[in-house]
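Q: Following this line is model-v1.txt, made up of compact mmCIF, C-alpha atoms and all ligand atoms:
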# COMPACT_ATOMS: atom_id res chain seq x y z
CA MET A 292 0.00 0.00 0.00
CA SER A 293 1.47 3.36 -0.92
CA GLY A 294 0.61 6.86 0.22
CA ALA A 295 -2.61 7.19 2.18
CA GLU A 296 -3.83 4.48 4.57
CA ARG A 297 -6.69 2.70 2.83
CA ARG A 298 -8.12 0.94 5.88
CA PRO A 299 -9.93 2.39 8.90
CA PRO A 300 -7.65 3.70 11.66
CA SER A 301 -6.41 1.40 14.40
CA VAL A 302 -8.32 1.34 17.70
CA SER A 303 -6.56 1.12 21.06
CA PHE A 304 -7.86 -1.13 23.82
CA GLU A 305 -8.94 1.96 25.80
CA THR A 306 -10.98 3.30 22.87
CA ALA A 307 -12.47 -0.12 22.20
CA LEU A 308 -13.43 -0.49 25.86
CA ARG A 309 -15.13 2.91 25.83
CA ILE A 310 -17.10 2.04 22.68
CA LEU A 311 -18.05 -1.40 23.94
CA ARG A 312 -19.25 -0.03 27.29
CA SER A 313 -20.95 3.18 26.15
CA THR A 314 -22.28 2.24 22.71
CA PHE A 315 -22.79 -1.50 23.10
CA HIS A 316 -23.96 -3.52 26.09
CA PHE A 317 -20.63 -4.78 27.42
CA GLU A 318 -20.07 -4.69 31.17
CA ASP A 319 -16.65 -6.29 31.01
CA VAL A 320 -13.91 -6.88 28.41
CA LEU A 321 -10.72 -8.91 28.94
CA GLN A 322 -7.77 -6.66 28.06
CA SER A 323 -5.47 -9.67 27.59
CA SER A 324 -7.79 -11.06 24.90
CA PHE A 325 -7.88 -7.89 22.75
CA LYS A 326 -5.94 -8.36 19.50
CA GLU A 327 -6.08 -7.19 15.91
CA LEU A 328 -7.08 -9.83 13.36
CA PRO A 329 -5.65 -9.90 9.85
CA CYS A 330 -7.99 -8.10 7.45
CA TYR A 331 -7.75 -6.96 3.85
CA ASP A 332 -10.09 -3.95 3.71
CA ASP A 333 -11.52 -3.33 7.16
CA ARG A 334 -9.88 -3.31 10.58
CA HIS A 335 -11.12 -5.73 13.20
CA PHE A 336 -10.25 -6.86 16.69
CA TYR A 337 -10.91 -10.09 18.54
CA PHE A 338 -11.95 -9.76 22.16
CA GLU A 339 -13.60 -11.66 24.96
CA GLY A 340 -16.32 -9.77 26.75
CA ARG A 341 -19.41 -10.07 28.87
CA LEU A 342 -22.69 -8.50 27.79
CA ILE A 343 -24.98 -7.04 30.42
CA PRO A 344 -27.90 -9.37 31.06
CA THR A 345 -30.66 -6.94 30.21
CA ALA A 346 -34.11 -7.69 28.89
CA GLN A 347 -33.89 -4.49 26.87
CA ARG A 348 -31.32 -5.88 24.47
CA ARG A 349 -32.80 -6.44 21.04
CA ASP A 350 -30.91 -9.72 20.83
CA ALA A 351 -31.13 -10.64 24.53
CA ASP A 352 -32.51 -14.10 23.81
CA ASP A 353 -29.34 -15.22 22.04
CA GLY A 354 -27.91 -16.82 25.19
CA THR A 355 -24.77 -14.67 25.22
CA ALA A 356 -25.60 -12.36 28.15
CA GLY A 357 -23.88 -12.75 31.53
CA LYS A 358 -20.88 -14.90 30.57
CA PHE A 359 -17.62 -14.21 28.76
CA GLU A 360 -18.02 -14.83 25.05
CA ARG A 361 -15.86 -14.26 21.97
CA PHE A 362 -16.56 -11.32 19.65
CA VAL A 363 -15.08 -9.21 16.88
CA LEU A 364 -15.12 -5.40 16.90
CA ARG A 365 -15.13 -4.41 13.24
CA THR A 366 -14.55 -0.94 11.81
CA SER A 367 -15.43 -0.73 8.14
CA ASN A 368 -13.60 0.75 5.22
CA LEU A 369 -15.26 3.90 3.88
CA MET A 370 -15.33 2.60 0.34
CA PHE A 371 -18.28 0.48 1.53
CA PRO A 372 -21.36 2.73 1.92
CA ALA A 373 -23.04 2.58 5.37
CA GLY A 374 -26.20 1.25 3.68
CA LEU A 375 -24.20 -1.70 2.36
CA VAL A 376 -22.84 -2.48 5.84
CA GLU A 377 -26.45 -2.45 7.09
CA GLY A 378 -27.40 -4.76 4.23
CA LEU A 379 -24.63 -7.20 5.19
CA ASN A 380 -25.87 -7.14 8.80
CA ALA A 381 -29.38 -7.97 7.60
CA LEU A 382 -27.94 -10.80 5.50
CA MET A 383 -26.09 -12.33 8.48
CA LEU A 384 -29.20 -12.12 10.65
CA HIS A 385 -31.21 -13.73 7.85
CA LEU A 386 -28.74 -16.62 7.50
CA SER A 387 -28.65 -17.01 11.25
CA SER A 388 -32.44 -17.24 11.37
CA ARG A 389 -32.15 -20.05 8.79
CA GLY A 390 -29.87 -22.07 11.08
CA ILE A 391 -26.52 -21.10 9.53
CA ASN A 392 -23.98 -20.32 12.21
CA CYS A 393 -22.33 -17.09 11.09
CA SER A 394 -20.67 -13.93 12.38
CA ARG A 395 -23.94 -12.18 13.10
CA PRO A 396 -24.05 -8.67 14.57
CA ILE A 397 -24.83 -7.76 18.17
CA ALA A 398 -27.23 -4.85 18.77
CA SER A 399 -26.00 -1.59 20.29
CA ARG A 400 -27.62 0.09 23.30
CA VAL A 401 -30.12 1.82 21.05
CA GLY A 402 -30.88 -1.36 19.13
CA ARG A 403 -28.80 -0.67 16.01
CA TYR A 404 -26.42 -3.17 14.44
CA MET A 405 -24.06 -0.48 13.21
CA GLU A 406 -22.86 2.69 14.93
CA MET A 407 -20.51 5.45 13.83
CA ILE A 408 -17.34 6.24 15.79
CA PRO A 409 -15.04 9.24 15.41
CA GLY A 410 -11.63 8.60 13.91
CA LYS A 411 -9.01 10.20 11.70
CA LYS A 412 -8.62 9.66 8.01
CA ILE A 413 -5.04 9.69 6.75
CA SER A 414 -4.76 11.07 3.22
CA GLN A 415 -1.92 12.30 1.00
CA THR A 416 -2.66 15.81 2.22
CA GLY A 417 -2.78 15.08 5.95
CA HIS A 418 -5.03 13.79 8.73
CA TYR A 419 -8.60 14.93 9.12
CA PRO A 420 -11.57 13.89 11.31
CA GLN A 421 -13.74 11.16 9.89
CA GLU A 422 -16.48 8.89 11.26
CA TYR A 423 -16.27 5.14 10.69
CA PRO A 424 -19.01 2.48 10.85
CA VAL A 425 -18.41 0.07 13.73
CA ARG A 426 -20.07 -3.24 14.54
CA VAL A 427 -19.71 -6.02 17.06
CA LEU A 428 -19.95 -9.46 15.48
CA GLN A 429 -20.14 -12.85 17.08
CA PHE A 430 -16.85 -14.76 16.79
CA VAL A 431 -17.39 -18.14 15.13
CA SER A 432 -15.26 -20.64 17.05
CA GLY A 433 -13.38 -23.39 15.29
CA LEU A 434 -10.59 -23.89 12.78
CA LEU A 435 -10.37 -22.29 9.35
CA MET A 436 -11.03 -24.90 6.67
CA SER A 437 -7.70 -23.89 5.08
CA GLU A 438 -5.92 -25.06 8.26
CA LEU A 439 -7.28 -28.61 8.13
CA ASP A 440 -4.85 -31.52 7.89
CA ALA A 441 -4.70 -32.84 4.32
CA GLU A 442 -6.10 -36.24 5.35
CA CYS A 443 -9.36 -34.54 6.39
CA LEU A 444 -10.03 -33.41 2.81
CA THR A 445 -11.82 -36.62 1.91
CA PRO A 446 -14.40 -36.80 -0.91
CA THR A 447 -17.09 -37.01 1.80
CA PHE A 448 -15.87 -33.81 3.44
CA LEU A 449 -15.53 -31.98 0.10
CA TYR A 450 -19.05 -33.10 -0.77
CA SER A 451 -20.24 -31.58 2.52
CA VAL A 452 -18.55 -28.28 1.52
CA GLY A 453 -20.55 -28.27 -1.72
CA ARG A 454 -23.75 -29.07 0.17
CA PHE A 455 -23.02 -26.29 2.64
CA ALA A 456 -22.51 -23.82 -0.24
CA GLY A 457 -25.87 -24.92 -1.65
CA LYS A 458 -27.52 -24.55 1.75
CA VAL A 459 -26.24 -20.96 1.99
CA ASP A 460 -27.59 -20.17 -1.51
CA ALA A 461 -30.93 -21.76 -0.65
CA ALA A 462 -31.16 -19.72 2.56
CA LEU A 463 -30.47 -16.53 0.55
CA GLN A 464 -33.08 -17.25 -2.14
CA ASP A 465 -35.66 -15.07 -0.41
CA PHE A 466 -33.18 -12.44 0.79
CA SER A 467 -32.66 -9.15 -0.97
CA HIS A 468 -31.38 -5.75 0.06
CA PRO A 469 -31.31 -2.63 -2.14
CA ALA A 470 -27.80 -1.60 -1.04
CA ILE A 471 -26.35 -5.03 -1.88
CA GLU A 472 -28.13 -5.03 -5.22
CA ASP A 473 -26.89 -1.51 -6.07
CA PHE A 474 -23.28 -1.95 -5.00
CA VAL A 475 -20.86 -2.45 -7.89
CA ASN A 476 -17.84 -4.40 -6.67
CA GLU A 477 -15.56 -4.13 -9.70
CA CYS A 478 -12.57 -5.79 -8.09
CA TRP A 479 -14.16 -8.91 -6.64
CA ASP A 480 -17.46 -9.57 -8.42
CA LEU A 481 -16.69 -11.74 -11.44
CA GLN A 482 -19.56 -10.25 -13.48
CA HIS A 483 -17.30 -7.16 -13.74
CA PHE A 484 -14.21 -9.21 -14.55
CA SER A 485 -13.49 -7.36 -17.78
CA CYS A 486 -13.13 -4.09 -15.80
CA LEU A 487 -9.83 -5.54 -14.55
CA LYS A 488 -8.42 -5.31 -18.09
CA ARG A 489 -7.12 -1.82 -17.42
CA TYR A 490 -4.81 -3.12 -14.69
CA ILE A 491 -3.12 -5.80 -16.79
CA SER A 492 -0.50 -3.41 -18.18
CA SER A 493 0.69 -2.64 -14.66
CA LEU A 494 1.96 -6.23 -14.24
CA SER A 495 5.74 -6.28 -14.29
CA GLU A 496 6.48 -9.57 -16.09
CA LYS A 497 5.65 -10.22 -19.76
CA LYS A 498 4.73 -13.83 -18.88
CA LYS A 499 2.12 -12.64 -16.39
CA ILE A 500 0.69 -10.09 -18.85
CA ALA A 501 0.30 -12.84 -21.48
CA MET A 502 -1.38 -15.14 -18.94
CA ALA A 503 -3.77 -12.41 -17.75
CA ASN A 504 -4.66 -11.51 -21.36
CA SER A 505 -5.40 -15.12 -22.23
CA VAL A 506 -7.64 -15.58 -19.14
CA MET A 507 -9.44 -12.34 -20.02
CA LYS A 508 -9.96 -13.55 -23.61
CA LEU A 509 -11.35 -16.88 -22.37
CA TYR A 510 -13.76 -15.03 -20.07
CA GLU A 511 -14.98 -12.74 -22.85
CA GLU A 512 -15.34 -15.53 -25.40
CA LYS A 513 -16.67 -18.39 -23.31
CA ILE A 514 -18.22 -17.04 -20.11
CA GLU A 515 -19.68 -13.62 -20.94
CA PRO A 516 -21.99 -14.87 -23.76
CA MET A 517 -23.47 -17.50 -21.38
CA LEU A 518 -24.30 -15.05 -18.59
CA PRO A 519 -27.73 -13.83 -19.79
CA SER A 520 -29.04 -17.41 -19.39
CA MET A 521 -27.56 -17.86 -15.88
CA LYS A 522 -29.42 -17.45 -12.60
CA LYS A 523 -28.58 -14.54 -10.29
CA GLY A 524 -29.06 -13.91 -6.60
CA VAL A 525 -27.22 -12.66 -3.52
CA ILE A 526 -24.06 -14.77 -3.17
CA HIS A 527 -21.36 -14.87 -0.50
CA GLY A 528 -18.74 -13.81 -3.06
CA ASP A 529 -15.69 -15.07 -1.16
CA LEU A 530 -16.52 -18.63 -0.21
CA ASN A 531 -13.10 -20.11 0.48
CA GLY A 532 -11.17 -22.05 3.11
CA LYS A 533 -10.34 -18.94 5.12
CA ASN A 534 -14.00 -18.02 5.54
CA ILE A 535 -15.46 -21.46 6.27
CA ILE A 536 -15.11 -22.51 9.90
CA VAL A 537 -14.74 -26.21 10.70
CA GLN A 538 -14.13 -28.56 13.57
CA GLN A 539 -11.58 -31.34 13.27
CA SER A 540 -11.61 -34.57 15.22
CA GLU A 541 -8.97 -37.18 14.45
CA ASN A 542 -8.94 -37.50 10.66
CA SER A 543 -12.36 -36.09 9.96
CA ALA A 544 -13.83 -32.61 9.85
CA ALA A 545 -17.24 -30.96 9.87
CA ILE A 546 -18.34 -27.46 8.86
CA VAL A 547 -19.54 -25.37 11.77
CA GLY A 548 -19.94 -21.86 10.38
CA LEU A 549 -19.34 -19.07 7.92
CA ILE A 550 -17.68 -15.64 8.24
CA ASP A 551 -16.59 -12.64 6.12
CA PHE A 552 -19.60 -11.29 4.26
CA GLY A 553 -17.78 -8.21 2.91
CA ASP A 554 -17.83 -9.47 -0.69
CA CYS A 555 -21.51 -10.47 -0.79
CA VAL A 556 -22.92 -9.29 -4.10
CA HIS A 557 -25.94 -9.74 -6.31
CA SER A 558 -24.32 -11.83 -9.00
CA TYR A 559 -24.35 -15.18 -10.78
CA TYR A 560 -24.51 -18.36 -8.70
CA LEU A 561 -21.99 -19.79 -11.15
CA PHE A 562 -19.34 -17.42 -9.80
CA LYS A 563 -19.90 -18.48 -6.21
CA LEU A 564 -19.06 -22.00 -7.33
CA ALA A 565 -16.07 -20.86 -9.41
CA ILE A 566 -14.58 -19.03 -6.41
CA LEU A 567 -15.11 -22.03 -4.14
CA VAL A 568 -13.43 -24.52 -6.47
CA ALA A 569 -10.55 -22.13 -7.23
CA HIS A 570 -9.53 -22.00 -3.56
CA ARG A 571 -8.35 -24.66 -1.17
N1 LIG B 601 -16.50 -13.48 13.26
C1 LIG B 601 -15.37 -14.17 13.15
N2 LIG B 601 -15.28 -15.40 13.70
C2 LIG B 601 -14.12 -16.11 13.60
N3 LIG B 601 -13.00 -15.64 13.01
C3 LIG B 601 -13.02 -14.44 12.45
C4 LIG B 601 -14.21 -13.64 12.48
N4 LIG B 601 -13.95 -12.49 11.84
C5 LIG B 601 -12.66 -12.57 11.42
N5 LIG B 601 -12.10 -13.72 11.79
C6 LIG B 601 -10.69 -14.13 11.52
O1 LIG B 601 -10.03 -13.06 10.85
C7 LIG B 601 -9.64 -13.46 9.50
C8 LIG B 601 -9.87 -12.31 8.54
O2 LIG B 601 -11.23 -11.85 8.63
P1 LIG B 601 -12.14 -11.70 7.36
O3 LIG B 601 -13.44 -11.11 7.79
O4 LIG B 601 -12.22 -13.03 6.67
O5 LIG B 601 -11.33 -10.63 6.51
P2 LIG B 601 -10.72 -10.63 5.03
O6 LIG B 601 -11.67 -9.79 4.24
O7 LIG B 601 -9.37 -10.03 5.17
O8 LIG B 601 -10.66 -12.04 4.51
C9 LIG B 601 -10.50 -14.69 9.21
O9 LIG B 601 -9.91 -15.55 8.24
C10 LIG B 601 -10.60 -15.32 10.58
O10 LIG B 601 -9.40 -16.02 10.89
MG MG B 602 -11.81 -13.69 4.78
Rewrite the structure from the file as structure tokens, please.
Ligand SMILES: Nc1ncnc2c1ncn2[C@@H]1O[C@H](COP(=O)(O)OP(=O)(O)O)[C@@H](O)[C@H]1O
Ligand SMILES: [Mg+2]
A:
Amino acid sequence: MSGAERRPPSVSFETALRILRSTFHFEDVLQSSFKELPCYDDRHFYFEGRLIPTAQRRDADDGTAGKFERFVLRTSNLMFPAGLVEGLNALMLHLSSRGINCSRPIASRVGRYMEMIPGKKISQTGHYPQEYPVRVLQFVSGLLMSELDAECLTPTFLYSVGRFAGKVDAALQDFSHPAIEDFVNECWDLQHFSCLKRYISSLSEKKKIAMANSVMKLYEEKIEPMLPSMKKGVIHGDLNGKNIIVQQSENSAAIVGLIDFGDCVHSYYLFKLAILVAHR
């Protein structure tokens, strides 16, 4: 990354504690647990905290009040409109209501799933005040699928991954949100793949330029003409081993949950599948 910082600013434990106590319903947060998680666009922090057991919480029946649980404090990148962040929250709550264990949001004191916090934006010309969307998400416990021992990747397990992907699509069939439908994600939504053409010349090696051009040609000749006959809907958009949470016992594994909804788009189901098979 060059020049200006593209991601939201970092948050100290003291600031996080203040937000979690004043804006959300946390009565206690373990300082020793607070740590930044790796993240491409946003900035997020793992922490263990205890929610106040109040009947006024919009999500008070979720069984999390009163004991220490694992959460993620997530500040979002400003290139994602606030309406989109709200749409992604609605999507997680929808999936959750359909029995899919995912990183669903926790309501704030005033019953919102997203709040704004003051921060500083760093640009080429200096630092200036800026508000950032912040959310608290449930941490989905388990291993990342990408961390599984190779012997767990049996045909039966891989079949269960495909079934899980289908279950997520089925659960999203009756979900829609205007902000998700309107958002154009040129970089990551494969229906805009040809927009990436303008970046090919910035590759440094001739071999890579030739490879990128040939993939682009294949897409334009073989995939693009088929698209009008393909089915569309809201898809996860980044279904891969780092976003699927599993549990491993001995040489077998089972899927326990799903995270990272930042690339959810209204696109072709075909692409969801393409992304899944392209990753380990
Ligand atoms: N709610 C969550 N539950 C469990 N792990 C999480 C959660 N959120 C983030 N993580 C961890 O942080 C990593 C990066 O978060 P993610 O939302 O996938 O960001 P990125 O867009 O960079 O892939 C994940 O691969 C996972 O290890
Ligand atoms: Mg991820």
Q: Find the residues around Val506 (chain A) up to 12 Å (all atoms listed in the file counted), leave out those fewer than 6 positions away in its own chain, and share them as a ChimeraX atom specification.
A: /A:484-485,487-488,491,499-500,512-514
Q: Quick one: contact table of chain A to ligand MG 602 (chain B), 8 Å max, nearest atom pair and distance in Å to one decimal per residue, counting only C-alpha atoms and all ligand atoms, chain and number order, as a Markdown table?
A:
| residue | atom | partner | partner_atom | distance |
| --- | --- | --- | --- | --- |
| A:Cys330 | CA | B:MG602 | MG | 7.3 |
| A:Tyr331 | CA | B:MG602 | MG | 7.9 |
| A:Asp529 | CA | B:MG602 | MG | 7.2 |
| A:Asn531 | CA | B:MG602 | MG | 7.8 |
| A:Lys533 | CA | B:MG602 | MG | 5.5 |
| A:Asn534 | CA | B:MG602 | MG | 4.9 |
| A:Ile550 | CA | B:MG602 | MG | 7.1 |
| A:Asp551 | CA | B:MG602 | MG | 5.1 |
Q: Once you have the residues from the selection above, write them out as a tab-separated table (two decimals), in the frame of the given file, restricted to C-alpha atoms.
A:
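Result file selection19.tsv:
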chain	number	residue	atom	x	y	z
A	330	CYS	CA	-7.99	-8.10	7.45
A	331	TYR	CA	-7.75	-6.96	3.85
A	529	ASP	CA	-15.69	-15.07	-1.16
A	531	ASN	CA	-13.10	-20.11	0.48
A	533	LYS	CA	-10.34	-18.94	5.12
A	534	ASN	CA	-14.00	-18.02	5.54
A	550	ILE	CA	-17.68	-15.64	8.24
A	551	ASP	CA	-16.59	-12.64	6.12
Q: Hey, which residues come within 9 Å of ligand LIG 601 (chain B) if we count only C-alpha atoms and all ligand atoms? Could you give them as a PyMOL selection string?
A: chain A and resi 327-337+361-365+393-395+427-435+529+532-536+548-554
Q: For each of A:Asp480, A:Ile408, A:Met521, A:Asp440, take the minimum atom-to-atom distance to Glu541 (chain A), counting all atoms listed in the file, then give the residue where this is smallest.
A: A:Asp440
Q: May I have the residues within 12 Å of Met370 (chain A) as a PyMOL selection string, using all atoms listed in the file and disregarding those fewer than 3 positions away in the same chain?
A: chain A and resi 297-299+332-333+367+373-376+423-424+474-476+553
Q: For each of A:Ala565, A:Ala398, A:Ala307, A:Ala503, take the minimum atom-to-atom distance to Tyr490 (chain A), counting all atoms listed in the file, then give the residue where this is smallest.
A: A:Ala503
Q: How far is it from CA of Ser540 (chain A) to CA of Gly390 (chain A), in Å with one decimal?
A: 22.5 Å
Q: Would you compute the distance between CA of Val425 (chain A) and CA of Glu438 (chain A)? Give it in Å to one decimal.
A: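 These atoms are spaced 28.6 Å apart.
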Q: Rank nothing, just name the residue among A:Ala462, A:Leu530, A:Leu509, A:Cys478 nearest to Leu382 (chain A), using only C-alpha atoms.
A: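 Of all the options, A:Ala462 lies closest to Leu382 (chain A).
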Q: What's around Phe325 (chain A) at 9 Å? Count only C-alpha atoms, leave out sequence neighbours fewer than 4 positions away in its own chain, and write the answer as a list of chain:residue names.
A: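 Answer for this query is A:Phe304, A:Val320, A:Leu321, A:Phe336, A:Tyr337, A:Phe338, A:Glu339.
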Q: Counting only C-alpha atoms, which residue out of A:Ile397, A:Leu386, A:Leu369, A:Val537 sits closest to Lys412 (chain A)?
A: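 When distances to Lys412 (chain A) are compared using only C-alpha atoms, the smallest one comes from A:Leu369.
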Q: In Å, rounded to a single decimal, give me how far CA of Leu567 (chain A) is from CA of Met383 (chain A).
A: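 CA of Met383 (chain A) sits 19.3 Å away from CA of Leu567 (chain A).
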Q: List the neighbours of Cys443 (chain A) out to 7 Å using only C-alpha atoms; skip same-chain residues closer than 5 positions along the sequence, and give me the result as a list of chain:residue names.
A: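 My list of contacting residues is A:Asn542, A:Ser543, A:Ala544.
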Q: Just the residues within 7 Å of region 310-314 of chain A, please, counting all atoms listed in the file, with nothing from its chain fewer than 4 positions along; format it as a list of chain:residue names.
A: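 The neighbour list is A:Thr306, A:Glu318, A:Ser399, A:Arg400.
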Q: Which of these residues is nearest to Val556 (chain A), using only C-alpha atoms: A:Tyr510, A:Ile471, A:Lys498, A:Ser492?
A: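 When distances to Val556 (chain A) are compared using only C-alpha atoms, the smallest one comes from A:Ile471.
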Q: What box, with edges along x, y and z, holds each listed atom of region 530-539 of chain A when 4 Å is added on every side, and can you state its centre and edge lengths in Å to one decimal, as AutoDock Vina command-line options?
A:
--center_x -13.4 --center_y -24.7 --center_z 6.7 --size_x 14.2 --size_y 21.3 --size_z 21.8
Q: With distances taken over all atoms listed in the file, which of A:Ser520, A:Ser437, A:Ser414, A:Gln482 is nearest to Phe562 (chain A)?
A: A:Gln482
